[in-house]
>>> print(open('my_file22.cif').read())   # mmCIF, N, CA, C and O atoms
data_start
#
loop_
_atom_site.label_atom_id
_atom_site.label_comp_id
_atom_site.auth_asym_id
_atom_site.auth_seq_id
_atom_site.Cartn_x
_atom_site.Cartn_y
_atom_site.Cartn_z
N MET A 126 -25.93 17.88 12.92
CA MET A 126 -26.09 16.61 12.23
C MET A 126 -25.40 16.63 10.87
O MET A 126 -24.80 15.67 10.47
N THR A 127 -25.47 17.76 10.17
CA THR A 127 -24.84 17.80 8.85
C THR A 127 -23.32 17.80 8.95
O THR A 127 -22.66 17.28 8.06
N THR A 128 -22.74 18.35 10.02
CA THR A 128 -21.28 18.31 10.16
C THR A 128 -20.79 16.90 10.40
O THR A 128 -19.74 16.52 9.92
N ILE A 129 -21.55 16.12 11.14
CA ILE A 129 -21.17 14.72 11.36
C ILE A 129 -21.26 13.95 10.04
O ILE A 129 -20.40 13.15 9.72
N THR A 130 -22.27 14.23 9.26
CA THR A 130 -22.41 13.56 7.98
C THR A 130 -21.26 13.91 7.05
O THR A 130 -20.68 13.04 6.42
N TRP A 131 -20.89 15.20 6.99
CA TRP A 131 -19.78 15.60 6.13
C TRP A 131 -18.45 15.10 6.66
O TRP A 131 -17.57 14.74 5.90
N ARG A 132 -18.30 15.06 7.98
CA ARG A 132 -17.07 14.52 8.56
C ARG A 132 -16.93 13.04 8.24
O ARG A 132 -15.86 12.57 7.89
N TYR A 133 -18.04 12.32 8.35
CA TYR A 133 -18.02 10.89 8.03
C TYR A 133 -17.72 10.67 6.55
O TYR A 133 -16.88 9.84 6.19
N ARG A 134 -18.37 11.43 5.70
CA ARG A 134 -18.14 11.30 4.26
C ARG A 134 -16.71 11.68 3.88
O ARG A 134 -16.09 11.06 3.03
N GLY A 135 -16.19 12.70 4.51
CA GLY A 135 -14.81 13.09 4.27
C GLY A 135 -13.83 12.01 4.70
O GLY A 135 -12.84 11.74 4.02
N GLY A 136 -14.11 11.40 5.84
CA GLY A 136 -13.26 10.30 6.31
C GLY A 136 -13.27 9.12 5.37
O GLY A 136 -12.23 8.51 5.10
N VAL A 137 -14.43 8.80 4.86
CA VAL A 137 -14.53 7.69 3.90
C VAL A 137 -13.81 8.05 2.61
O VAL A 137 -13.12 7.20 2.02
N THR A 138 -13.93 9.29 2.17
CA THR A 138 -13.24 9.71 0.95
C THR A 138 -11.72 9.66 1.12
O THR A 138 -11.02 9.16 0.24
N VAL A 139 -11.24 10.13 2.26
CA VAL A 139 -9.80 10.09 2.52
C VAL A 139 -9.31 8.65 2.58
O VAL A 139 -8.25 8.30 2.04
N ARG A 140 -10.08 7.79 3.22
CA ARG A 140 -9.70 6.37 3.29
C ARG A 140 -9.71 5.73 1.91
O ARG A 140 -8.84 4.92 1.59
N ALA A 141 -10.68 6.09 1.09
CA ALA A 141 -10.73 5.52 -0.26
C ALA A 141 -9.53 5.96 -1.09
O ALA A 141 -8.92 5.15 -1.80
N VAL A 142 -9.14 7.23 -0.97
CA VAL A 142 -7.96 7.71 -1.69
C VAL A 142 -6.71 7.03 -1.17
O VAL A 142 -5.84 6.62 -1.94
N ALA A 143 -6.61 6.88 0.16
CA ALA A 143 -5.45 6.20 0.74
C ALA A 143 -5.41 4.73 0.32
O ALA A 143 -4.34 4.19 0.03
N ALA A 144 -6.57 4.09 0.26
CA ALA A 144 -6.61 2.68 -0.12
C ALA A 144 -6.28 2.49 -1.60
O ALA A 144 -5.49 1.62 -1.96
N ILE A 145 -6.84 3.31 -2.44
CA ILE A 145 -6.64 3.14 -3.88
C ILE A 145 -5.26 3.65 -4.30
O ILE A 145 -4.47 2.91 -4.88
N GLY A 146 -4.97 4.90 -4.02
CA GLY A 146 -3.70 5.49 -4.44
C GLY A 146 -2.52 4.99 -3.64
O GLY A 146 -1.51 4.54 -4.19
N GLY A 147 -2.63 5.10 -2.32
CA GLY A 147 -1.54 4.64 -1.46
C GLY A 147 -1.33 3.14 -1.54
O GLY A 147 -0.19 2.66 -1.49
N GLY A 148 -2.42 2.41 -1.66
CA GLY A 148 -2.30 0.96 -1.81
C GLY A 148 -1.60 0.57 -3.10
O GLY A 148 -0.80 -0.37 -3.13
N TYR A 149 -1.85 1.33 -4.15
CA TYR A 149 -1.18 1.06 -5.42
C TYR A 149 0.32 1.32 -5.31
O TYR A 149 1.14 0.52 -5.77
N VAL A 150 0.68 2.44 -4.69
CA VAL A 150 2.10 2.77 -4.53
C VAL A 150 2.79 1.72 -3.67
O VAL A 150 3.86 1.20 -4.02
N PHE A 151 2.18 1.38 -2.53
CA PHE A 151 2.77 0.37 -1.65
C PHE A 151 2.91 -0.97 -2.35
O PHE A 151 3.94 -1.63 -2.25
N THR A 152 1.87 -1.36 -3.08
CA THR A 152 1.89 -2.65 -3.76
C THR A 152 2.94 -2.70 -4.87
O THR A 152 3.62 -3.71 -5.03
N SER A 153 3.08 -1.62 -5.60
CA SER A 153 4.07 -1.63 -6.68
C SER A 153 5.49 -1.69 -6.12
O SER A 153 6.35 -2.40 -6.65
N ILE A 154 5.75 -0.98 -5.02
CA ILE A 154 7.07 -1.04 -4.40
C ILE A 154 7.31 -2.43 -3.82
O ILE A 154 8.39 -3.01 -4.00
N ALA A 155 6.31 -2.99 -3.14
CA ALA A 155 6.46 -4.32 -2.55
C ALA A 155 6.65 -5.37 -3.63
O ALA A 155 7.45 -6.30 -3.47
N SER A 156 5.96 -5.24 -4.74
CA SER A 156 6.08 -6.20 -5.83
C SER A 156 7.48 -6.17 -6.42
O SER A 156 8.08 -7.22 -6.71
N ALA A 157 8.03 -4.97 -6.61
CA ALA A 157 9.40 -4.86 -7.14
C ALA A 157 10.40 -5.44 -6.16
O ALA A 157 11.35 -6.13 -6.56
N LEU A 158 10.20 -5.19 -4.88
CA LEU A 158 11.11 -5.72 -3.87
C LEU A 158 11.03 -7.24 -3.78
O LEU A 158 12.07 -7.92 -3.67
N ILE A 159 9.84 -7.78 -3.87
CA ILE A 159 9.68 -9.24 -3.85
C ILE A 159 10.33 -9.86 -5.08
O ILE A 159 11.00 -10.88 -4.99
N ALA A 160 10.16 -9.24 -6.23
CA ALA A 160 10.76 -9.76 -7.46
C ALA A 160 12.28 -9.78 -7.37
O ALA A 160 12.93 -10.69 -7.88
N LEU A 161 12.85 -8.77 -6.73
CA LEU A 161 14.30 -8.74 -6.58
C LEU A 161 14.79 -9.74 -5.53
O LEU A 161 15.90 -10.25 -5.64
N ALA A 162 13.98 -10.01 -4.53
CA ALA A 162 14.42 -10.85 -3.42
C ALA A 162 14.26 -12.34 -3.67
O ALA A 162 14.94 -13.14 -3.03
N LEU A 163 13.37 -12.72 -4.57
CA LEU A 163 13.13 -14.15 -4.78
C LEU A 163 14.30 -14.81 -5.51
O LEU A 163 14.79 -14.27 -6.51
N PRO A 164 14.72 -15.96 -5.02
CA PRO A 164 15.86 -16.65 -5.66
C PRO A 164 15.40 -17.56 -6.80
O PRO A 164 15.53 -18.78 -6.74
N MET A 165 14.85 -16.96 -7.83
CA MET A 165 14.35 -17.71 -8.99
C MET A 165 14.90 -17.04 -10.24
O MET A 165 15.58 -16.02 -10.16
N SER A 166 14.55 -17.61 -11.37
CA SER A 166 14.86 -16.90 -12.61
C SER A 166 14.04 -15.61 -12.63
O SER A 166 13.01 -15.49 -11.96
N ARG A 167 14.50 -14.65 -13.38
CA ARG A 167 13.85 -13.33 -13.37
C ARG A 167 12.38 -13.41 -13.78
O ARG A 167 11.52 -12.79 -13.19
N ALA A 168 12.08 -14.21 -14.79
CA ALA A 168 10.69 -14.32 -15.26
C ALA A 168 9.80 -14.95 -14.19
O ALA A 168 8.68 -14.49 -13.95
N ASP A 169 10.28 -16.00 -13.52
CA ASP A 169 9.50 -16.64 -12.46
C ASP A 169 9.32 -15.71 -11.27
O ASP A 169 8.25 -15.67 -10.65
N ALA A 170 10.37 -14.96 -10.92
CA ALA A 170 10.29 -14.04 -9.79
C ALA A 170 9.28 -12.93 -10.07
O ALA A 170 8.49 -12.56 -9.18
N VAL A 171 9.28 -12.40 -11.27
CA VAL A 171 8.34 -11.33 -11.61
C VAL A 171 6.91 -11.86 -11.64
O VAL A 171 5.98 -11.21 -11.15
N THR A 172 6.72 -13.06 -12.17
CA THR A 172 5.38 -13.65 -12.19
C THR A 172 4.87 -13.91 -10.78
O THR A 172 3.72 -13.59 -10.45
N THR A 173 5.72 -14.45 -9.92
CA THR A 173 5.33 -14.71 -8.54
C THR A 173 5.03 -13.42 -7.81
O THR A 173 4.03 -13.32 -7.08
N ALA A 174 5.87 -12.40 -7.99
CA ALA A 174 5.64 -11.12 -7.34
C ALA A 174 4.36 -10.46 -7.83
O ALA A 174 3.63 -9.85 -7.04
N THR A 175 4.07 -10.61 -9.09
CA THR A 175 2.83 -10.04 -9.63
C THR A 175 1.61 -10.73 -9.05
O THR A 175 0.61 -10.08 -8.71
N LEU A 176 1.67 -12.03 -8.92
CA LEU A 176 0.55 -12.76 -8.32
C LEU A 176 0.38 -12.41 -6.84
O LEU A 176 -0.74 -12.27 -6.35
N LEU A 177 1.49 -12.23 -6.13
CA LEU A 177 1.41 -11.85 -4.73
C LEU A 177 0.92 -10.42 -4.55
O LEU A 177 0.37 -10.07 -3.50
N SER A 178 1.10 -9.60 -5.57
CA SER A 178 0.67 -8.20 -5.46
C SER A 178 -0.84 -8.08 -5.28
O SER A 178 -1.30 -7.14 -4.63
N PHE A 179 -1.60 -9.01 -5.81
CA PHE A 179 -3.05 -8.98 -5.62
C PHE A 179 -3.41 -9.19 -4.16
O PHE A 179 -4.32 -8.54 -3.62
N VAL A 180 -2.69 -10.06 -3.48
CA VAL A 180 -2.92 -10.31 -2.06
C VAL A 180 -2.50 -9.09 -1.24
O VAL A 180 -3.22 -8.66 -0.33
N VAL A 181 -1.35 -8.51 -1.57
CA VAL A 181 -0.85 -7.35 -0.85
C VAL A 181 -1.82 -6.18 -0.99
O VAL A 181 -2.16 -5.51 0.00
N TYR A 182 -2.29 -5.93 -2.19
CA TYR A 182 -3.21 -4.80 -2.43
C TYR A 182 -4.51 -4.99 -1.66
O TYR A 182 -5.03 -4.05 -1.05
N THR A 183 -5.02 -6.20 -1.66
CA THR A 183 -6.25 -6.48 -0.92
C THR A 183 -6.05 -6.27 0.57
O THR A 183 -6.92 -5.69 1.24
N CYS A 184 -4.92 -6.72 1.10
CA CYS A 184 -4.64 -6.54 2.53
C CYS A 184 -4.50 -5.07 2.90
O CYS A 184 -4.96 -4.64 3.96
N ILE A 185 -3.89 -4.28 2.03
CA ILE A 185 -3.75 -2.84 2.30
C ILE A 185 -5.13 -2.18 2.32
O ILE A 185 -5.43 -1.37 3.21
N ILE A 186 -5.97 -2.52 1.39
CA ILE A 186 -7.33 -1.94 1.36
C ILE A 186 -8.09 -2.31 2.62
O ILE A 186 -8.73 -1.46 3.25
N LEU A 187 -8.03 -3.57 3.02
CA LEU A 187 -8.71 -3.99 4.23
C LEU A 187 -8.15 -3.28 5.46
O LEU A 187 -8.91 -2.86 6.35
N TRP A 188 -6.83 -3.12 5.53
CA TRP A 188 -6.23 -2.46 6.68
C TRP A 188 -6.63 -0.99 6.75
O TRP A 188 -6.90 -0.47 7.84
N VAL A 189 -6.66 -0.31 5.62
CA VAL A 189 -7.01 1.12 5.62
C VAL A 189 -8.42 1.32 6.16
O VAL A 189 -8.66 2.24 6.95
N PHE A 190 -9.34 0.47 5.80
CA PHE A 190 -10.71 0.64 6.28
C PHE A 190 -10.94 0.04 7.66
O PHE A 190 -11.97 0.28 8.28
N ALA A 191 -9.98 -0.70 8.19
CA ALA A 191 -10.11 -1.28 9.52
C ALA A 191 -9.47 -0.42 10.60
O ALA A 191 -9.71 -0.65 11.78
N THR A 192 -8.64 0.55 10.23
CA THR A 192 -7.99 1.39 11.23
C THR A 192 -9.00 2.31 11.90
O THR A 192 -10.10 2.54 11.41
N SER A 193 -8.58 2.84 13.05
CA SER A 193 -9.52 3.64 13.84
C SER A 193 -9.75 5.04 13.29
O SER A 193 -10.77 5.65 13.61
N SER A 194 -8.81 5.57 12.51
CA SER A 194 -9.01 6.91 11.96
C SER A 194 -8.41 7.00 10.56
O SER A 194 -7.52 6.23 10.19
N ALA A 195 -8.89 7.96 9.82
CA ALA A 195 -8.39 8.17 8.46
C ALA A 195 -6.96 8.69 8.48
O ALA A 195 -6.15 8.36 7.61
N LEU A 196 -6.62 9.49 9.49
CA LEU A 196 -5.26 10.00 9.61
C LEU A 196 -4.28 8.86 9.83
O LEU A 196 -3.21 8.81 9.21
N ARG A 197 -4.62 7.93 10.70
CA ARG A 197 -3.76 6.78 10.95
C ARG A 197 -3.60 5.95 9.69
O ARG A 197 -2.52 5.43 9.40
N ALA A 198 -4.64 5.82 8.90
CA ALA A 198 -4.56 5.06 7.65
C ALA A 198 -3.60 5.74 6.68
O ALA A 198 -2.75 5.08 6.07
N CYS A 199 -3.72 7.06 6.54
CA CYS A 199 -2.83 7.79 5.62
C CYS A 199 -1.38 7.73 6.07
O CYS A 199 -0.48 7.45 5.27
N VAL A 200 -1.15 7.99 7.35
CA VAL A 200 0.21 7.96 7.88
C VAL A 200 0.80 6.55 7.76
O VAL A 200 1.97 6.38 7.40
N GLY A 201 0.00 5.55 8.04
CA GLY A 201 0.49 4.18 7.94
C GLY A 201 0.88 3.78 6.53
O GLY A 201 1.93 3.18 6.32
N VAL A 202 0.07 4.15 5.57
CA VAL A 202 0.36 3.80 4.18
C VAL A 202 1.58 4.58 3.68
O VAL A 202 2.47 4.02 3.03
N ILE A 203 1.66 5.87 4.02
CA ILE A 203 2.79 6.68 3.56
C ILE A 203 4.08 6.21 4.22
O ILE A 203 5.12 6.07 3.56
N ALA A 204 4.06 5.96 5.53
CA ALA A 204 5.27 5.53 6.23
C ALA A 204 5.73 4.16 5.74
O ALA A 204 6.94 3.94 5.53
N SER A 205 4.80 3.25 5.56
CA SER A 205 5.16 1.91 5.08
C SER A 205 5.73 1.97 3.67
O SER A 205 6.70 1.28 3.36
N SER A 206 5.14 2.81 2.83
CA SER A 206 5.64 2.96 1.47
C SER A 206 7.04 3.59 1.47
O SER A 206 7.90 3.19 0.68
N ALA A 207 7.27 4.53 2.37
CA ALA A 207 8.58 5.17 2.45
C ALA A 207 9.65 4.17 2.91
O ALA A 207 10.76 4.15 2.36
N VAL A 208 9.32 3.35 3.88
CA VAL A 208 10.27 2.35 4.37
C VAL A 208 10.58 1.33 3.28
O VAL A 208 11.74 1.00 3.02
N LEU A 209 9.54 0.82 2.63
CA LEU A 209 9.77 -0.14 1.55
C LEU A 209 10.49 0.50 0.37
O LEU A 209 11.32 -0.14 -0.27
N GLY A 210 10.19 1.76 0.10
CA GLY A 210 10.88 2.47 -0.98
C GLY A 210 12.36 2.63 -0.69
O GLY A 210 13.20 2.46 -1.57
N ALA A 211 12.69 2.97 0.56
CA ALA A 211 14.10 3.09 0.94
C ALA A 211 14.80 1.74 0.85
O ALA A 211 15.95 1.65 0.39
N LEU A 212 14.12 0.70 1.26
CA LEU A 212 14.69 -0.65 1.17
C LEU A 212 14.89 -1.07 -0.28
O LEU A 212 15.93 -1.65 -0.63
N LEU A 213 13.93 -0.75 -1.12
CA LEU A 213 14.06 -1.06 -2.55
C LEU A 213 15.21 -0.26 -3.17
O LEU A 213 15.98 -0.81 -3.96
N TRP A 214 15.36 0.99 -2.80
CA TRP A 214 16.46 1.80 -3.29
C TRP A 214 17.80 1.21 -2.87
O TRP A 214 18.73 1.11 -3.66
N PHE A 215 17.88 0.78 -1.60
CA PHE A 215 19.12 0.21 -1.10
C PHE A 215 19.45 -1.11 -1.80
O PHE A 215 20.59 -1.34 -2.20
N VAL A 216 18.46 -1.95 -1.98
CA VAL A 216 18.67 -3.23 -2.68
C VAL A 216 19.05 -2.99 -4.13
O VAL A 216 19.92 -3.66 -4.69
N GLY A 217 18.43 -2.02 -4.76
CA GLY A 217 18.75 -1.69 -6.15
C GLY A 217 20.16 -1.15 -6.31
O GLY A 217 20.81 -1.40 -7.31
N ARG A 218 20.62 -0.39 -5.31
CA ARG A 218 21.97 0.17 -5.38
C ARG A 218 23.04 -0.90 -5.15
O ARG A 218 24.12 -0.82 -5.71
N THR A 219 22.73 -1.87 -4.30
CA THR A 219 23.73 -2.91 -4.00
C THR A 219 23.72 -4.06 -4.97
O THR A 219 24.68 -4.81 -5.03
N ALA A 220 22.66 -4.21 -5.73
CA ALA A 220 22.57 -5.35 -6.65
C ALA A 220 23.29 -5.10 -7.95
O ALA A 220 23.67 -4.07 -8.34
#
>>> encode(input="my_file22.cif", output="structure tokens")
Amino acid sequence: MTTITWRYRGGVTVRAVAAIGGGYVFTSIASALIALALPMSRADAVTTATLLSFVVYTCIILWVFATSSALRACVGVIASSAVLGALLWFVGRTA
């Protein structure tokens, strides 16, 4: 019984770290990418991207706790952040 309790608590802790830390990384990359992609003045694009970042962060947190396992949540957040990071790097190099 105690191993199940510790396994459950460990899973929740891993998900919380993935949601808070990984969600922050994903959201900051997505916000920068949105700000670069919007066809507005720079100030309006940054403001819009910042406002959208609250929605993105909330969705990431909900997704991390809705997945079937903590490993899938971690891999999903890391892989998504890596893809968006590569896209942001490519857009930054070409702009």
>>> closest_residue(input="my_file22.cif", among="A:Leu161, A:Phe190, A:Ala204, A:Ala170", to="Gly217 in chain A", atoms="only C-alpha atoms")
A:Leu161
>>> residues_around(input="my_file22.cif", residues="Cys199 in chain A", least_positions_apart="3", cutoff="8 Å", atoms="only N, CA, C and O atoms", output="list of chain:residue names")
A:Val139, A:Arg140, A:Val142, A:Ala143, A:Ala144, A:Gly147, A:Val189, A:Ser194, A:Ala195, A:Leu196, A:Val202, A:Ile203, A:Ala204, A:Ser205, A:Ser206
>>> closest_residue(input="my_file22.cif", among="A:Val216, A:Val200, A:Ile186, A:Thr138", to="Ile159 in chain A", atoms="only C-alpha atoms")
A:Val216
>>> residues_around(input="my_file22.cif", residues="Ala160 in chain A", least_positions_apart="3", cutoff="8 Å", atoms="only C-alpha atoms", output="number ranges by chain")
A: 156-157, 163, 167, 170-171, 173-174
>>> write_last_selection(input="my_file22.cif", atoms="N, CA, C and O atoms", output="mmCIF file, in the frame of the given file")
data_model
loop_
_atom_site.group_PDB
_atom_site.id
_atom_site.type_symbol
_atom_site.label_atom_id
_atom_site.label_comp_id
_atom_site.auth_asym_id
_atom_site.auth_seq_id
_atom_site.Cartn_x
_atom_site.Cartn_y
_atom_site.Cartn_z
ATOM 1 N N SER A 156 5.960 -5.240 -4.740
ATOM 2 C CA SER A 156 6.080 -6.200 -5.830
ATOM 3 C C SER A 156 7.480 -6.170 -6.420
ATOM 4 O O SER A 156 8.080 -7.220 -6.710
ATOM 5 N N ALA A 157 8.030 -4.970 -6.610
ATOM 6 C CA ALA A 157 9.400 -4.860 -7.140
ATOM 7 C C ALA A 157 10.400 -5.440 -6.160
ATOM 8 O O ALA A 157 11.350 -6.130 -6.560
ATOM 9 N N LEU A 163 13.370 -12.720 -4.570
ATOM 10 C CA LEU A 163 13.130 -14.150 -4.780
ATOM 11 C C LEU A 163 14.300 -14.810 -5.510
ATOM 12 O O LEU A 163 14.790 -14.270 -6.510
ATOM 13 N N ARG A 167 14.500 -14.650 -13.380
ATOM 14 C CA ARG A 167 13.850 -13.330 -13.370
ATOM 15 C C ARG A 167 12.380 -13.410 -13.780
ATOM 16 O O ARG A 167 11.520 -12.790 -13.190
ATOM 17 N N ALA A 170 10.370 -14.960 -10.920
ATOM 18 C CA ALA A 170 10.290 -14.040 -9.790
ATOM 19 C C ALA A 170 9.280 -12.930 -10.070
ATOM 20 O O ALA A 170 8.490 -12.560 -9.180
ATOM 21 N N VAL A 171 9.280 -12.400 -11.270
ATOM 22 C CA VAL A 171 8.340 -11.330 -11.610
ATOM 23 C C VAL A 171 6.910 -11.860 -11.640
ATOM 24 O O VAL A 171 5.980 -11.210 -11.150
ATOM 25 N N THR A 173 5.720 -14.450 -9.920
ATOM 26 C CA THR A 173 5.330 -14.710 -8.540
ATOM 27 C C THR A 173 5.030 -13.420 -7.810
ATOM 28 O O THR A 173 4.030 -13.320 -7.080
ATOM 29 N N ALA A 174 5.870 -12.400 -7.990
ATOM 30 C CA ALA A 174 5.640 -11.120 -7.340
ATOM 31 C C ALA A 174 4.360 -10.460 -7.830
ATOM 32 O O ALA A 174 3.630 -9.850 -7.040
#
>>> closest_residue(input="my_file22.cif", among="A:Pro164, A:Gly210, A:Gly136, A:Gly146", to="Ser193 in chain A", atoms="only C-alpha atoms")
A:Gly136
>>> atom_distance(input="my_file22.cif", atom1="atom O of Val181 in chain A", atom2="atom O of Thr152 in chain A")
7.9 Å
>>> closest_residue(input="my_file22.cif", among="A:Ala155, A:Ala162, A:Val137, A:Leu187", to="Thr175 in chain A", atoms="only N, CA, C and O atoms")
A:Ala155
>>> axis_aligned_box(input="my_file22.cif", around="range 194-200 of chain A", padding_each_side="6 Å", output="AutoDock Vina command-line options")
--center_x -3.5 --center_y 7.5 --center_z 8.9 --size_x 23.0 --size_y 16.9 --size_z 19.2
>>> build_atoms(input="my_file22.cif", residues="range 164-173 of chain A", atoms="all heavy atoms", output="mmCIF file, keeping the file's coordinate frame")
data_model
loop_
_atom_site.group_PDB
_atom_site.id
_atom_site.type_symbol
_atom_site.label_atom_id
_atom_site.label_comp_id
_atom_site.auth_asym_id
_atom_site.auth_seq_id
_atom_site.Cartn_x
_atom_site.Cartn_y
_atom_site.Cartn_z
ATOM 1 N N PRO A 164 14.720 -15.960 -5.020
ATOM 2 C CA PRO A 164 15.860 -16.650 -5.660
ATOM 3 C C PRO A 164 15.400 -17.560 -6.800
ATOM 4 O O PRO A 164 15.530 -18.780 -6.740
ATOM 5 C CB PRO A 164 16.449 -17.461 -4.504
ATOM 6 C CG PRO A 164 15.261 -17.788 -3.653
ATOM 7 C CD PRO A 164 14.347 -16.594 -3.761
ATOM 8 N N MET A 165 14.850 -16.960 -7.830
ATOM 9 C CA MET A 165 14.350 -17.710 -8.990
ATOM 10 C C MET A 165 14.900 -17.040 -10.240
ATOM 11 O O MET A 165 15.580 -16.020 -10.160
ATOM 12 C CB MET A 165 12.823 -17.664 -9.050
ATOM 13 C CG MET A 165 12.093 -18.128 -7.862
ATOM 14 S SD MET A 165 10.336 -17.832 -8.126
ATOM 15 C CE MET A 165 9.665 -18.582 -6.683
ATOM 16 N N SER A 166 14.550 -17.610 -11.370
ATOM 17 C CA SER A 166 14.860 -16.900 -12.610
ATOM 18 C C SER A 166 14.040 -15.610 -12.630
ATOM 19 O O SER A 166 13.010 -15.490 -11.960
ATOM 20 C CB SER A 166 14.529 -17.768 -13.816
ATOM 21 O OG SER A 166 13.134 -17.934 -13.927
ATOM 22 N N ARG A 167 14.500 -14.650 -13.380
ATOM 23 C CA ARG A 167 13.850 -13.330 -13.370
ATOM 24 C C ARG A 167 12.380 -13.410 -13.780
ATOM 25 O O ARG A 167 11.520 -12.790 -13.190
ATOM 26 C CB ARG A 167 14.593 -12.369 -14.286
ATOM 27 C CG ARG A 167 14.012 -10.973 -14.211
ATOM 28 C CD ARG A 167 14.928 -9.933 -14.724
ATOM 29 N NE ARG A 167 16.215 -9.943 -14.061
ATOM 30 C CZ ARG A 167 16.651 -8.949 -13.288
ATOM 31 N NH1 ARG A 167 15.890 -7.909 -13.089
ATOM 32 N NH2 ARG A 167 17.834 -8.995 -12.733
ATOM 33 N N ALA A 168 12.080 -14.210 -14.790
ATOM 34 C CA ALA A 168 10.690 -14.320 -15.260
ATOM 35 C C ALA A 168 9.800 -14.950 -14.190
ATOM 36 O O ALA A 168 8.680 -14.490 -13.950
ATOM 37 C CB ALA A 168 10.629 -15.136 -16.541
ATOM 38 N N ASP A 169 10.280 -16.000 -13.520
ATOM 39 C CA ASP A 169 9.500 -16.640 -12.460
ATOM 40 C C ASP A 169 9.320 -15.710 -11.270
ATOM 41 O O ASP A 169 8.250 -15.670 -10.650
ATOM 42 C CB ASP A 169 10.158 -17.935 -12.021
ATOM 43 C CG ASP A 169 10.079 -19.021 -13.075
ATOM 44 O OD1 ASP A 169 9.193 -18.931 -13.957
ATOM 45 O OD2 ASP A 169 10.898 -19.972 -13.024
ATOM 46 N N ALA A 170 10.370 -14.960 -10.920
ATOM 47 C CA ALA A 170 10.290 -14.040 -9.790
ATOM 48 C C ALA A 170 9.280 -12.930 -10.070
ATOM 49 O O ALA A 170 8.490 -12.560 -9.180
ATOM 50 C CB ALA A 170 11.659 -13.457 -9.495
ATOM 51 N N VAL A 171 9.280 -12.400 -11.270
ATOM 52 C CA VAL A 171 8.340 -11.330 -11.610
ATOM 53 C C VAL A 171 6.910 -11.860 -11.640
ATOM 54 O O VAL A 171 5.980 -11.210 -11.150
ATOM 55 C CB VAL A 171 8.722 -10.683 -12.966
ATOM 56 C CG1 VAL A 171 7.626 -9.764 -13.471
ATOM 57 C CG2 VAL A 171 10.030 -9.929 -12.832
ATOM 58 N N THR A 172 6.720 -13.060 -12.170
ATOM 59 C CA THR A 172 5.380 -13.650 -12.190
ATOM 60 C C THR A 172 4.870 -13.910 -10.780
ATOM 61 O O THR A 172 3.720 -13.590 -10.450
ATOM 62 C CB THR A 172 5.398 -14.970 -12.991
ATOM 63 O OG1 THR A 172 5.860 -14.700 -14.308
ATOM 64 C CG2 THR A 172 4.023 -15.591 -13.045
ATOM 65 N N THR A 173 5.720 -14.450 -9.920
ATOM 66 C CA THR A 173 5.330 -14.710 -8.540
ATOM 67 C C THR A 173 5.030 -13.420 -7.810
ATOM 68 O O THR A 173 4.030 -13.320 -7.080
ATOM 69 C CB THR A 173 6.434 -15.495 -7.818
ATOM 70 O OG1 THR A 173 6.699 -16.693 -8.535
ATOM 71 C CG2 THR A 173 6.033 -15.829 -6.401
#
